[in-house]
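Chemist: Contents of query29.pdb (PDB, C-alpha atoms (C1' of nucleotides)) are below:
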MODEL        1
ATOM      1  CA  MET A   1      79.508  25.745  79.989
ATOM      2  CA  ARG A   2      76.170  24.456  81.207
ATOM      3  CA  ILE A   3      73.492  24.458  78.516
ATOM      4  CA  ALA A   4      69.869  23.662  79.322
ATOM      5  CA  THR A   5      66.718  23.310  77.249
ATOM      6  CA  PHE A   6      63.326  24.079  78.808
ATOM      7  CA  ASN A   7      59.868  24.163  77.236
ATOM      8  CA  VAL A   8      58.209  26.612  79.639
ATOM      9  CA  ASN A   9      54.656  26.523  78.208
ATOM     10  CA  SER A  10      54.258  30.323  78.342
ATOM     11  CA  VAL A  11      57.158  32.431  79.620
ATOM     12  CA  LYS A  12      54.750  34.877  81.247
ATOM     13  CA  ALA A  13      52.703  32.267  83.112
ATOM     14  CA  ARG A  14      55.944  30.519  84.092
ATOM     15  CA  LEU A  15      57.996  33.565  85.081
ATOM     16  CA  PRO A  16      58.186  32.944  88.876
ATOM     17  CA  ASN A  17      58.963  29.261  88.305
ATOM     18  CA  LEU A  18      61.525  30.088  85.606
ATOM     19  CA  LEU A  19      63.278  32.784  87.664
ATOM     20  CA  ASP A  20      63.534  30.439  90.668
ATOM     21  CA  TRP A  21      65.068  27.735  88.496
ATOM     22  CA  LEU A  22      67.531  30.149  86.848
ATOM     23  CA  ARG A  23      68.700  31.330  90.277
ATOM     24  CA  GLU A  24      69.121  27.784  91.580
ATOM     25  CA  ALA A  25      70.487  25.938  88.544
ATOM     26  CA  ARG A  26      72.521  28.878  87.207
ATOM     27  CA  PRO A  27      72.826  27.608  83.624
ATOM     28  CA  ASP A  28      75.141  29.581  81.321
ATOM     29  CA  VAL A  29      72.890  29.099  78.305
ATOM     30  CA  VAL A  30      69.164  28.331  78.216
ATOM     31  CA  LEU A  31      67.168  27.276  75.177
ATOM     32  CA  LEU A  32      63.508  28.107  75.751
ATOM     33  CA  GLN A  33      60.479  26.878  73.813
ATOM     34  CA  GLU A  34      56.790  27.751  73.828
ATOM     35  CA  ILE A  35      57.257  31.257  75.167
ATOM     36  CA  LYS A  36      53.737  31.945  73.785
ATOM     37  CA  THR A  37      54.209  35.680  73.498
ATOM     38  CA  LEU A  38      55.115  38.376  71.026
ATOM     39  CA  THR A  39      58.857  39.048  70.839
ATOM     40  CA  GLU A  40      58.368  42.561  72.236
ATOM     41  CA  ASP A  41      56.451  41.231  75.246
ATOM     42  CA  PHE A  42      59.234  38.890  76.403
ATOM     43  CA  PRO A  43      60.031  39.636  80.097
ATOM     44  CA  GLU A  44      63.505  41.001  79.351
ATOM     45  CA  LEU A  45      63.890  43.086  82.509
ATOM     46  CA  GLU A  46      63.253  40.267  84.977
ATOM     47  CA  ILE A  47      65.458  37.763  83.153
ATOM     48  CA  GLY A  48      68.070  40.380  82.260
ATOM     49  CA  ASP A  49      68.379  41.209  85.964
ATOM     50  CA  LEU A  50      69.739  37.694  86.497
ATOM     51  CA  GLY A  51      72.573  38.443  84.085
ATOM     52  CA  TYR A  52      71.274  36.988  80.843
ATOM     53  CA  ASN A  53      71.456  38.345  77.337
ATOM     54  CA  ILE A  54      68.292  37.471  75.440
ATOM     55  CA  ALA A  55      67.467  36.494  71.868
ATOM     56  CA  ALA A  56      63.718  35.899  71.561
ATOM     57  CA  VAL A  57      61.631  34.992  68.521
ATOM     58  CA  GLY A  58      57.969  35.055  69.421
ATOM     59  CA  GLN A  59      54.500  35.273  67.954
ATOM     60  CA  LYS A  60      51.051  35.805  69.402
ATOM     61  CA  SER A  61      49.542  33.020  71.544
ATOM     62  CA  TYR A  62      51.530  30.041  70.319
ATOM     63  CA  ASN A  63      55.018  28.654  69.793
ATOM     64  CA  GLY A  64      57.962  31.010  70.276
ATOM     65  CA  VAL A  65      61.592  30.272  71.174
ATOM     66  CA  ALA A  66      64.437  32.101  72.882
ATOM     67  CA  ILE A  67      68.074  31.797  73.877
ATOM     68  CA  LEU A  68      69.390  33.156  77.176
ATOM     69  CA  SER A  69      73.150  33.522  77.573
ATOM     70  CA  LYS A  70      75.337  34.906  80.329
ATOM     71  CA  LEU A  71      78.061  35.509  77.734
ATOM     72  CA  PRO A  72      77.506  37.848  74.780
ATOM     73  CA  MET A  73      75.896  36.199  71.780
ATOM     74  CA  GLU A  74      75.354  36.948  68.138
ATOM     75  CA  VAL A  75      72.059  35.869  66.575
ATOM     76  CA  GLU A  76      72.693  33.830  63.430
ATOM     77  CA  ALA A  77      69.141  32.898  62.417
ATOM     78  CA  ARG A  78      65.609  33.768  63.539
ATOM     79  CA  ALA A  79      63.884  31.101  61.450
ATOM     80  CA  LEU A  80      64.684  27.673  60.072
ATOM     81  CA  PRO A  81      65.690  28.068  56.409
ATOM     82  CA  GLY A  82      63.871  26.244  53.652
ATOM     83  CA  ASP A  83      60.319  27.614  53.626
ATOM     84  CA  ASP A  84      59.604  31.335  53.456
ATOM     85  CA  GLU A  85      55.882  30.617  53.875
ATOM     86  CA  ASP A  86      56.398  29.109  57.339
ATOM     87  CA  VAL A  87      55.586  31.874  59.836
ATOM     88  CA  GLN A  88      55.617  29.754  63.001
ATOM     89  CA  ALA A  89      58.249  30.858  65.539
ATOM     90  CA  ARG A  90      60.120  27.606  66.115
ATOM     91  CA  TYR A  91      63.828  28.275  65.570
ATOM     92  CA  VAL A  92      66.526  30.651  66.757
ATOM     93  CA  GLU A  93      70.278  30.152  66.403
ATOM     94  CA  ALA A  94      73.187  32.063  67.935
ATOM     95  CA  LEU A  95      76.943  32.041  68.364
ATOM     96  CA  ILE A  96      78.266  32.325  71.906
ATOM     97  CA  GLY A  97      82.006  32.704  71.460
ATOM     98  CA  PRO A  98      83.005  29.572  69.542
ATOM     99  CA  VAL A  99      79.870  27.657  70.567
ATOM    100  CA  ARG A 100      76.878  27.580  68.233
ATOM    101  CA  VAL A 101      73.475  26.794  69.736
ATOM    102  CA  ALA A 102      69.936  26.608  68.433
ATOM    103  CA  SER A 103      66.636  26.519  70.288
ATOM    104  CA  ILE A 104      64.215  24.251  68.448
ATOM    105  CA  TYR A 105      60.467  23.787  68.866
ATOM    106  CA  LEU A 106      59.672  20.971  66.496
ATOM    107  CA  PRO A 107      56.011  20.665  65.460
ATOM    108  CA  ASN A 108      53.941  18.212  67.479
ATOM    109  CA  GLY A 109      52.264  16.673  64.422
ATOM    110  CA  ASN A 110      49.092  15.375  66.070
ATOM    111  CA  GLY A 111      45.942  16.528  64.306
ATOM    112  CA  GLN A 112      42.619  17.215  65.937
ATOM    113  CA  PRO A 113      40.017  14.443  65.659
ATOM    114  CA  GLY A 114      38.130  14.863  62.416
ATOM    115  CA  GLU A 115      39.069  16.840  59.349
ATOM    116  CA  ASP A 116      42.484  17.128  57.861
ATOM    117  CA  PHE A 117      43.979  14.836  60.470
ATOM    118  CA  GLU A 118      47.276  14.331  58.627
ATOM    119  CA  ARG A 119      47.910  17.988  57.776
ATOM    120  CA  LYS A 120      49.855  18.697  60.954
ATOM    121  CA  TYR A 121      51.793  15.458  60.672
ATOM    122  CA  ALA A 122      52.880  16.335  57.140
ATOM    123  CA  TYR A 123      54.062  19.735  58.410
ATOM    124  CA  LYS A 124      56.048  17.988  61.144
ATOM    125  CA  LEU A 125      57.807  15.699  58.664
ATOM    126  CA  ARG A 126      58.558  18.585  56.278
ATOM    127  CA  TRP A 127      59.958  20.608  59.171
ATOM    128  CA  MET A 128      62.185  17.699  60.209
ATOM    129  CA  ARG A 129      63.567  17.386  56.680
ATOM    130  CA  ARG A 130      64.324  21.126  56.643
ATOM    131  CA  LEU A 131      66.081  20.758  59.990
ATOM    132  CA  THR A 132      68.198  17.886  58.704
ATOM    133  CA  THR A 133      69.172  19.878  55.619
ATOM    134  CA  HIS A 134      70.146  22.888  57.733
ATOM    135  CA  ALA A 135      71.997  20.731  60.271
ATOM    136  CA  ARG A 136      74.046  19.118  57.503
ATOM    137  CA  GLY A 137      75.299  22.564  56.509
ATOM    138  CA  LEU A 138      76.072  23.487  60.116
ATOM    139  CA  LEU A 139      78.064  20.312  60.718
ATOM    140  CA  ALA A 140      80.323  21.198  57.804
ATOM    141  CA  HIS A 141      81.657  24.078  59.944
ATOM    142  CA  GLU A 142      83.057  21.476  62.374
ATOM    143  CA  GLU A 143      82.076  23.647  65.332
ATOM    144  CA  THR A 144      81.026  22.943  68.897
ATOM    145  CA  LEU A 145      77.317  22.869  68.086
ATOM    146  CA  VAL A 146      74.277  22.114  70.239
ATOM    147  CA  LEU A 147      70.850  21.732  68.639
ATOM    148  CA  GLY A 148      68.573  21.639  71.654
ATOM    149  CA  GLY A 149      64.890  21.886  72.269
ATOM    150  CA  ASP A 150      61.498  20.252  72.290
ATOM    151  CA  TYR A 151      61.745  17.738  69.454
ATOM    152  CA  ASN A 152      58.254  16.364  70.119
ATOM    153  CA  LEU A 153      59.801  12.967  69.464
ATOM    154  CA  CYS A 154      60.441   9.840  71.534
ATOM    155  CA  PRO A 155      63.533   8.239  69.946
ATOM    156  CA  THR A 156      62.708   4.693  71.142
ATOM    157  CA  ASP A 157      60.078   2.805  73.121
ATOM    158  CA  ALA A 158      62.391   3.170  76.150
ATOM    159  CA  ASP A 159      61.468   6.882  76.043
ATOM    160  CA  VAL A 160      57.702   6.295  76.459
ATOM    161  CA  TYR A 161      55.886   5.065  79.554
ATOM    162  CA  ASP A 162      53.286   3.218  77.473
ATOM    163  CA  PRO A 163      54.629   2.455  73.963
ATOM    164  CA  VAL A 164      51.589   0.385  72.996
ATOM    165  CA  GLY A 165      49.098   3.067  74.004
ATOM    166  CA  TRP A 166      51.136   5.743  72.209
ATOM    167  CA  ARG A 167      51.805   3.656  69.089
ATOM    168  CA  ASP A 168      49.811   5.887  66.714
ATOM    169  CA  ASP A 169      50.911   9.188  68.252
ATOM    170  CA  ALA A 170      52.949  11.580  66.113
ATOM    171  CA  LEU A 171      55.635  11.566  68.845
ATOM    172  CA  VAL A 172      56.421   7.884  68.292
ATOM    173  CA  ARG A 173      55.209   7.079  64.771
ATOM    174  CA  THR A 174      57.697   5.323  62.548
ATOM    175  CA  GLU A 175      57.981   8.083  59.944
ATOM    176  CA  SER A 176      58.875  10.585  62.688
ATOM    177  CA  ARG A 177      61.508   8.242  64.089
ATOM    178  CA  VAL A 178      62.950   7.608  60.640
ATOM    179  CA  GLU A 179      63.405  11.350  60.089
ATOM    180  CA  TYR A 180      64.926  11.738  63.550
ATOM    181  CA  ARG A 181      67.362   8.889  62.867
ATOM    182  CA  LYS A 182      68.398  10.584  59.633
ATOM    183  CA  LEU A 183      69.207  13.714  61.603
ATOM    184  CA  LEU A 184      71.171  11.791  64.262
ATOM    185  CA  ASN A 185      72.978   9.796  61.601
ATOM    186  CA  LEU A 186      74.568  12.967  60.277
ATOM    187  CA  GLY A 187      76.792  12.610  63.345
ATOM    188  CA  PHE A 188      74.902  13.955  66.367
ATOM    189  CA  THR A 189      75.052  12.597  69.905
ATOM    190  CA  ASP A 190      72.051  12.726  72.263
ATOM    191  CA  ALA A 191      73.718  14.270  75.338
ATOM    192  CA  PHE A 192      71.418  12.677  77.892
ATOM    193  CA  ARG A 193      71.165   9.224  76.349
ATOM    194  CA  THR A 194      74.887   8.778  75.731
ATOM    195  CA  LEU A 195      75.535   9.159  79.493
ATOM    196  CA  HIS A 196      72.310   7.534  80.757
ATOM    197  CA  PRO A 197      71.459   4.180  79.152
ATOM    198  CA  GLU A 198      68.668   3.455  81.642
ATOM    199  CA  PRO A 199      65.162   3.377  80.129
ATOM    200  CA  HIS A 200      62.108   5.410  81.158
ATOM    201  CA  ARG A 201      63.615   8.739  82.061
ATOM    202  CA  TYR A 202      61.209  11.473  80.997
ATOM    203  CA  SER A 203      61.183  15.214  80.307
ATOM    204  CA  PHE A 204      57.414  15.704  79.830
ATOM    205  CA  TRP A 205      54.406  14.593  81.852
ATOM    206  CA  ASP A 206      50.837  15.523  80.923
ATOM    207  CA  TYR A 207      49.004  17.771  83.379
ATOM    208  CA  GLN A 208      46.160  15.268  83.485
ATOM    209  CA  ASN A 209      45.671  12.095  85.503
ATOM    210  CA  ARG A 210      48.467  12.886  87.996
ATOM    211  CA  ALA A 211      50.895  11.783  85.298
ATOM    212  CA  PHE A 212      53.965  13.244  87.017
ATOM    213  CA  GLU A 213      53.179  11.597  90.360
ATOM    214  CA  ARG A 214      52.782   8.289  88.531
ATOM    215  CA  ASP A 215      55.861   8.983  86.392
ATOM    216  CA  GLU A 216      53.861   8.433  83.220
ATOM    217  CA  GLY A 217      55.840  10.591  80.811
ATOM    218  CA  VAL A 218      57.820  10.768  77.613
ATOM    219  CA  ARG A 219      61.368  11.908  76.782
ATOM    220  CA  ILE A 220      61.005  14.425  73.974
ATOM    221  CA  ASP A 221      63.381  17.267  74.938
ATOM    222  CA  HIS A 222      66.858  16.651  73.568
ATOM    223  CA  LEU A 223      70.299  18.220  73.318
ATOM    224  CA  LEU A 224      71.969  17.028  70.118
ATOM    225  CA  LEU A 225      75.742  17.515  70.025
ATOM    226  CA  SER A 226      78.066  17.809  67.042
ATOM    227  CA  PRO A 227      81.183  15.577  67.270
ATOM    228  CA  GLN A 228      83.190  18.565  68.505
ATOM    229  CA  ALA A 229      80.603  19.197  71.246
ATOM    230  CA  ALA A 230      80.321  15.509  72.160
ATOM    231  CA  ASP A 231      84.100  15.407  72.702
ATOM    232  CA  ARG A 232      83.647  18.110  75.359
ATOM    233  CA  LEU A 233      80.640  16.559  77.126
ATOM    234  CA  THR A 234      81.276  15.995  80.846
ATOM    235  CA  ALA A 235      77.743  15.607  82.255
ATOM    236  CA  ALA A 236      74.065  15.644  81.334
ATOM    237  CA  ASP A 237      70.809  15.037  83.121
ATOM    238  CA  ILE A 238      67.124  15.803  83.443
ATOM    239  CA  ASP A 239      66.276  18.258  86.233
ATOM    240  CA  ARG A 240      62.916  17.155  87.613
ATOM    241  CA  ASP A 241      62.830  19.838  90.293
ATOM    242  CA  PRO A 242      60.885  22.563  88.416
ATOM    243  CA  ARG A 243      58.164  20.007  87.600
ATOM    244  CA  THR A 244      57.591  19.445  91.350
ATOM    245  CA  LYS A 245      56.899  23.133  92.052
ATOM    246  CA  THR A 246      53.665  25.103  92.116
ATOM    247  CA  ARG A 247      52.155  25.910  88.706
ATOM    248  CA  PRO A 248      54.829  24.055  86.725
ATOM    249  CA  SER A 249      55.356  23.669  83.006
ATOM    250  CA  ASP A 250      54.390  20.233  81.735
ATOM    251  CA  HIS A 251      58.042  19.865  80.616
ATOM    252  CA  THR A 252      61.132  19.985  82.819
ATOM    253  CA  PRO A 253      64.668  21.132  81.901
ATOM    254  CA  VAL A 254      67.303  18.884  80.326
ATOM    255  CA  TRP A 255      70.905  20.063  80.623
ATOM    256  CA  CYS A 256      74.461  19.199  79.640
ATOM    257  CA  GLU A 257      77.883  20.431  80.656
ATOM    258  CA  LEU A 258      80.519  21.092  77.991
ATOM    259  CA  ASP A 259      84.182  21.644  78.853
ATOM    260  CA  VAL A 260      84.921  24.568  76.550
ATOM    261  CA  GLY A 261      87.756  25.979  78.652
ATOM    262  CA  ALA A 262      87.891  29.314  80.475
TER     263      ALA A 262
ATOM    264  C1'  DA B 263      32.173   9.680  81.053
ATOM    265  C1'  DT B 264      29.660  15.630  77.437
ATOM    266  C1'  DG B 265      35.556  13.641  82.076
ATOM    267  C1'  DA B 266      40.188  14.656  83.486
ATOM    268  C1'  DC B 267      44.886  19.936  82.611
ATOM    269  C1'  DA B 268      46.624  24.361  81.419
ATOM    270  C1'  DG B 269      47.833  27.963  78.316
ATOM    271  C1'  DT B 270      46.010  31.922  74.944
ATOM    272  C1'  DC B 271      42.573  35.492  73.493
ATOM    273  C1'  DT B 272      39.485  41.705  69.880
ATOM    274  C1'  DG B 273      37.955  35.910  75.768
ATOM    275  C1'  DC B 274      33.603  33.880  79.415
ATOM    276  C1'  DG B 275      33.952  29.020  75.270
ATOM    277  C1'  DA B 276      37.010  27.574  71.386
ATOM    278  C1'  DC B 277      41.332  26.215  70.154
ATOM    279  C1'  DT B 278      45.955  24.154  70.937
ATOM    280  C1'  DG B 279      49.069  21.179  72.934
ATOM    281  C1'  DA B 280      51.600  16.190  73.830
TER     282       DA B 280
ENDMDL
END
Is it possible to express this structure as structure tokens?
Modeler:
Amino acid sequence: MRIATFNVNSVKARLPNLLDWLREARPDVVLLQEIKTLTEDFPELEIGDLGYNIAAVGQKSYNGVAILSKLPMEVEARALPGDDEDVQARYVEALIGPVRVASIYLPNGNGQPGEDFERKYAYKLRWMRRLTTHARGLLAHEETLVLGGDYNLCPTDADVYDPVGWRDDALVRTESRVEYRKLLNLGFTDAFRTLHPEPHRYSFWDYQNRAFERDEGVRIDHLLLSPQAADRLTAADIDRDPRTKTRPSDHTPVWCELDVGA
DNA sequence: ATGACAGTCTGCGACTGA
């Protein structure tokens, strides 16, 4: 079973690019982030025509996540538990046979210059703690589990093209990394990193300053595997191809292959 | 250097993102 995560930065603006990639890469399961549309406006016909079942959780303008699956799936959660006041569409979880997956869009955490600069960072850290709490409960099921998505987090300086320049960014700040380590330390394996020790392999490049051409990026899109999933991991990589195409997302897909039989 | 990019919208500039 090939599982990919892809922050598309608007599913409507990215539809031609996304459909091309789905046809070429033929993933079994896709975890999408930043669909930037209402749930009812998700392009179900076009993506359904390629053989995918769809579970979308959207909102107007911002955020939004979805799971695409060639096999039937059962939606298990449409929001991350732990805060009923949180209305941002950042989490969807489903069972696909015996495999549990979640599509995660973790808050960025960078504030705008000026007022209330730390407000968004505090929300990010709270969200991470909620995710860790939820993940602890999921791990107790001892299932093949993949928590994938845009974590808006560079695990180490090897995941940033310019660690010094990014030192104060919410994607690399120490408190963010501490929370991420707590999540990993529950027993998760980073699918890409466990098979690719080499530094400076990225999944996001800013649109500005020809960042992709200069390979000035960050690795912030991750597939975290439960022990049962890690035991089945046969391959993982970053697929740079969609980022080279016309009108790309600023992210590119990260995928892994799990040997789940059949 | 009031910059640079790209997405959204009760839109034509403000806001958000990473």
Chemist: For chain B, which residues have at least one atom within 9 Å of chain A, if we go by only C-alpha atoms (C1' of nucleotides)? Write them as a list in words, please.
Modeler: DA266, DC267, DA268, DG269, DT270, DC271, DT278, DG279 and DA280 of chain B
Chemist: Is it possible to get the axis-aligned box enclosing range 192-208 of chain A (all listed atoms, 4 Å extra per side) as JSON, with centre and edge lengths in Å rounded to one decimal?
Modeler:
{"center_x": 60.8, "center_y": 10.6, "center_z": 79.6, "size_x": 37.4, "size_y": 22.4, "size_z": 15.8}
Chemist: My list of candidates is A:Leu224, A:Val260, A:Leu106, A:Ala66. Which is closest to Lys120 in chain A when distances are computed with all atoms listed in the file?
Modeler: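 Closest residue, counting all atoms listed in the file: A:Leu106.
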Chemist: Tell me, in Å to one decimal, how far CA of Leu147 in chain A is from CA of Ala211 in chain A.
Modeler: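 Computing it gives 27.8 Å between the two atoms.
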Chemist: Select, from A:Leu80, A:Ile3, A:Ala122, A:Leu186, the residue with the minimum atom-to-atom distance to Ala140 in chain A, counting all atoms listed in the file.
Modeler: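 Looking only at the distances to Ala140 in chain A, the closest residue turns out to be A:Leu186.
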Chemist: Need to verify the contact set: Val101 in chain A, 8 Å, only C-alpha atoms (C1' of nucleotides), exclusion of same-chain residues closer than 4 positions in sequence. Can you return it as a PyMOL selection string?
Modeler: chain A and resi 93-96+145-148
Chemist: Report, in Å to a single decimal, how far apart CA of Ser103 in chain A and CA of Asp239 in chain A are.
Modeler: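 Atom-to-atom, CA of Asp239 in chain A to CA of Ser103 in chain A, that is 18.0 Å.
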Chemist: How far is it from CA of His196 in chain A to CA of Asp159 in chain A, in Å with one decimal?
Modeler: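 CA of His196 in chain A sits 11.8 Å away from CA of Asp159 in chain A.
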Chemist: Got a sec to resolve the PyMOL selection byres ((chain A and resi 136) around 12) on this structure and send the residues as a ChimeraX atom specification?
Modeler: /A:129-135,137-142,145,147,182-188,226
Chemist: So that I have them on file, write out the residues from the current selection with C-alpha atoms, as a short mmCIF file (atom, residue, chain, number, x, y, z; two decimals), in the coordinates of the input.
Modeler:
data_model
loop_
_atom_site.label_atom_id
_atom_site.label_comp_id
_atom_site.auth_asym_id
_atom_site.auth_seq_id
_atom_site.Cartn_x
_atom_site.Cartn_y
_atom_site.Cartn_z
CA ARG A 129 63.57 17.39 56.68
CA ARG A 130 64.32 21.13 56.64
CA LEU A 131 66.08 20.76 59.99
CA THR A 132 68.20 17.89 58.70
CA THR A 133 69.17 19.88 55.62
CA HIS A 134 70.15 22.89 57.73
CA ALA A 135 72.00 20.73 60.27
CA GLY A 137 75.30 22.56 56.51
CA LEU A 138 76.07 23.49 60.12
CA LEU A 139 78.06 20.31 60.72
CA ALA A 140 80.32 21.20 57.80
CA HIS A 141 81.66 24.08 59.94
CA GLU A 142 83.06 21.48 62.37
CA LEU A 145 77.32 22.87 68.09
CA LEU A 147 70.85 21.73 68.64
CA LYS A 182 68.40 10.58 59.63
CA LEU A 183 69.21 13.71 61.60
CA LEU A 184 71.17 11.79 64.26
CA ASN A 185 72.98 9.80 61.60
CA LEU A 186 74.57 12.97 60.28
CA GLY A 187 76.79 12.61 63.34
CA PHE A 188 74.90 13.96 66.37
CA SER A 226 78.07 17.81 67.04
#
Chemist: If you apply the PyMOL selection byres ((chain A and resi 41-43) around 9) to this file, what residues do you get, as an mmCIF file with C-alpha atoms, keeping the file's coordinate frame?
Modeler:
data_model
loop_
_atom_site.group_PDB
_atom_site.id
_atom_site.type_symbol
_atom_site.label_atom_id
_atom_site.label_comp_id
_atom_site.auth_asym_id
_atom_site.auth_seq_id
_atom_site.Cartn_x
_atom_site.Cartn_y
_atom_site.Cartn_z
ATOM 1 C CA VAL A 11 57.158 32.431 79.620
ATOM 2 C CA LYS A 12 54.750 34.877 81.247
ATOM 3 C CA LEU A 15 57.996 33.565 85.081
ATOM 4 C CA ILE A 35 57.257 31.257 75.167
ATOM 5 C CA THR A 37 54.209 35.680 73.498
ATOM 6 C CA LEU A 38 55.115 38.376 71.026
ATOM 7 C CA THR A 39 58.857 39.048 70.839
ATOM 8 C CA GLU A 40 58.368 42.561 72.236
ATOM 9 C CA GLU A 44 63.505 41.001 79.351
ATOM 10 C CA LEU A 45 63.890 43.086 82.509
ATOM 11 C CA GLU A 46 63.253 40.267 84.977
ATOM 12 C CA ILE A 47 65.458 37.763 83.153
ATOM 13 C CA GLY A 48 68.070 40.380 82.260
ATOM 14 C CA ALA A 56 63.718 35.899 71.561
ATOM 15 C CA GLY A 58 57.969 35.055 69.421
#
Chemist: Please evaluate the PyMOL selection byres ((chain A and resi 228-233) around 6) against the structure above and give the resulting residues as a ChimeraX atom specification.
Modeler: /A:144-145,225-227,234-235,257-259
Chemist: Complete range 235-246 of chain A at the level of N, CA and C atoms, written as a PDB file, in the frame of the given file.
Modeler:
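As written to disk, result-v4.pdb reads:
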ATOM      1  N   ALA A 235      78.893  16.019  81.455  1.00  0.00           N
ATOM      2  CA  ALA A 235      77.743  15.607  82.255  1.00  0.00           C
ATOM      3  C   ALA A 235      76.464  16.007  81.534  1.00  0.00           C
ATOM      4  N   ALA A 236      75.393  15.300  81.865  1.00  0.00           N
ATOM      5  CA  ALA A 236      74.065  15.644  81.334  1.00  0.00           C
ATOM      6  C   ALA A 236      73.025  15.011  82.241  1.00  0.00           C
ATOM      7  N   ASP A 237      71.877  15.654  82.335  1.00  0.00           N
ATOM      8  CA  ASP A 237      70.809  15.037  83.121  1.00  0.00           C
ATOM      9  C   ASP A 237      69.488  15.769  82.881  1.00  0.00           C
ATOM     10  N   ILE A 238      68.447  15.183  83.431  1.00  0.00           N
ATOM     11  CA  ILE A 238      67.124  15.803  83.443  1.00  0.00           C
ATOM     12  C   ILE A 238      66.895  16.349  84.843  1.00  0.00           C
ATOM     13  N   ASP A 239      66.491  17.604  84.938  1.00  0.00           N
ATOM     14  CA  ASP A 239      66.276  18.258  86.233  1.00  0.00           C
ATOM     15  C   ASP A 239      64.778  18.250  86.541  1.00  0.00           C
ATOM     16  N   ARG A 240      64.355  17.306  87.336  1.00  0.00           N
ATOM     17  CA  ARG A 240      62.916  17.155  87.613  1.00  0.00           C
ATOM     18  C   ARG A 240      62.378  18.200  88.571  1.00  0.00           C
ATOM     19  N   ASP A 241      63.258  18.965  89.204  1.00  0.00           N
ATOM     20  CA  ASP A 241      62.830  19.838  90.293  1.00  0.00           C
ATOM     21  C   ASP A 241      61.757  20.853  89.893  1.00  0.00           C
ATOM     22  N   PRO A 242      61.916  21.574  88.760  1.00  0.00           N
ATOM     23  CA  PRO A 242      60.885  22.563  88.416  1.00  0.00           C
ATOM     24  C   PRO A 242      59.496  21.948  88.228  1.00  0.00           C
ATOM     25  N   ARG A 243      59.463  20.678  87.819  1.00  0.00           N
ATOM     26  CA  ARG A 243      58.164  20.007  87.600  1.00  0.00           C
ATOM     27  C   ARG A 243      57.452  19.720  88.915  1.00  0.00           C
ATOM     28  N   THR A 244      58.191  19.723  90.037  1.00  0.00           N
ATOM     29  CA  THR A 244      57.591  19.445  91.350  1.00  0.00           C
ATOM     30  C   THR A 244      56.997  20.700  91.990  1.00  0.00           C
ATOM     31  N   LYS A 245      57.290  21.873  91.421  1.00  0.00           N
ATOM     32  CA  LYS A 245      56.899  23.133  92.052  1.00  0.00           C
ATOM     33  C   LYS A 245      55.458  23.524  91.708  1.00  0.00           C
ATOM     34  N   THR A 246      55.003  24.583  92.367  1.00  0.00           N
ATOM     35  CA  THR A 246      53.665  25.103  92.116  1.00  0.00           C
ATOM     36  C   THR A 246      53.562  25.635  90.700  1.00  0.00           C
TER      37      THR A 246
END
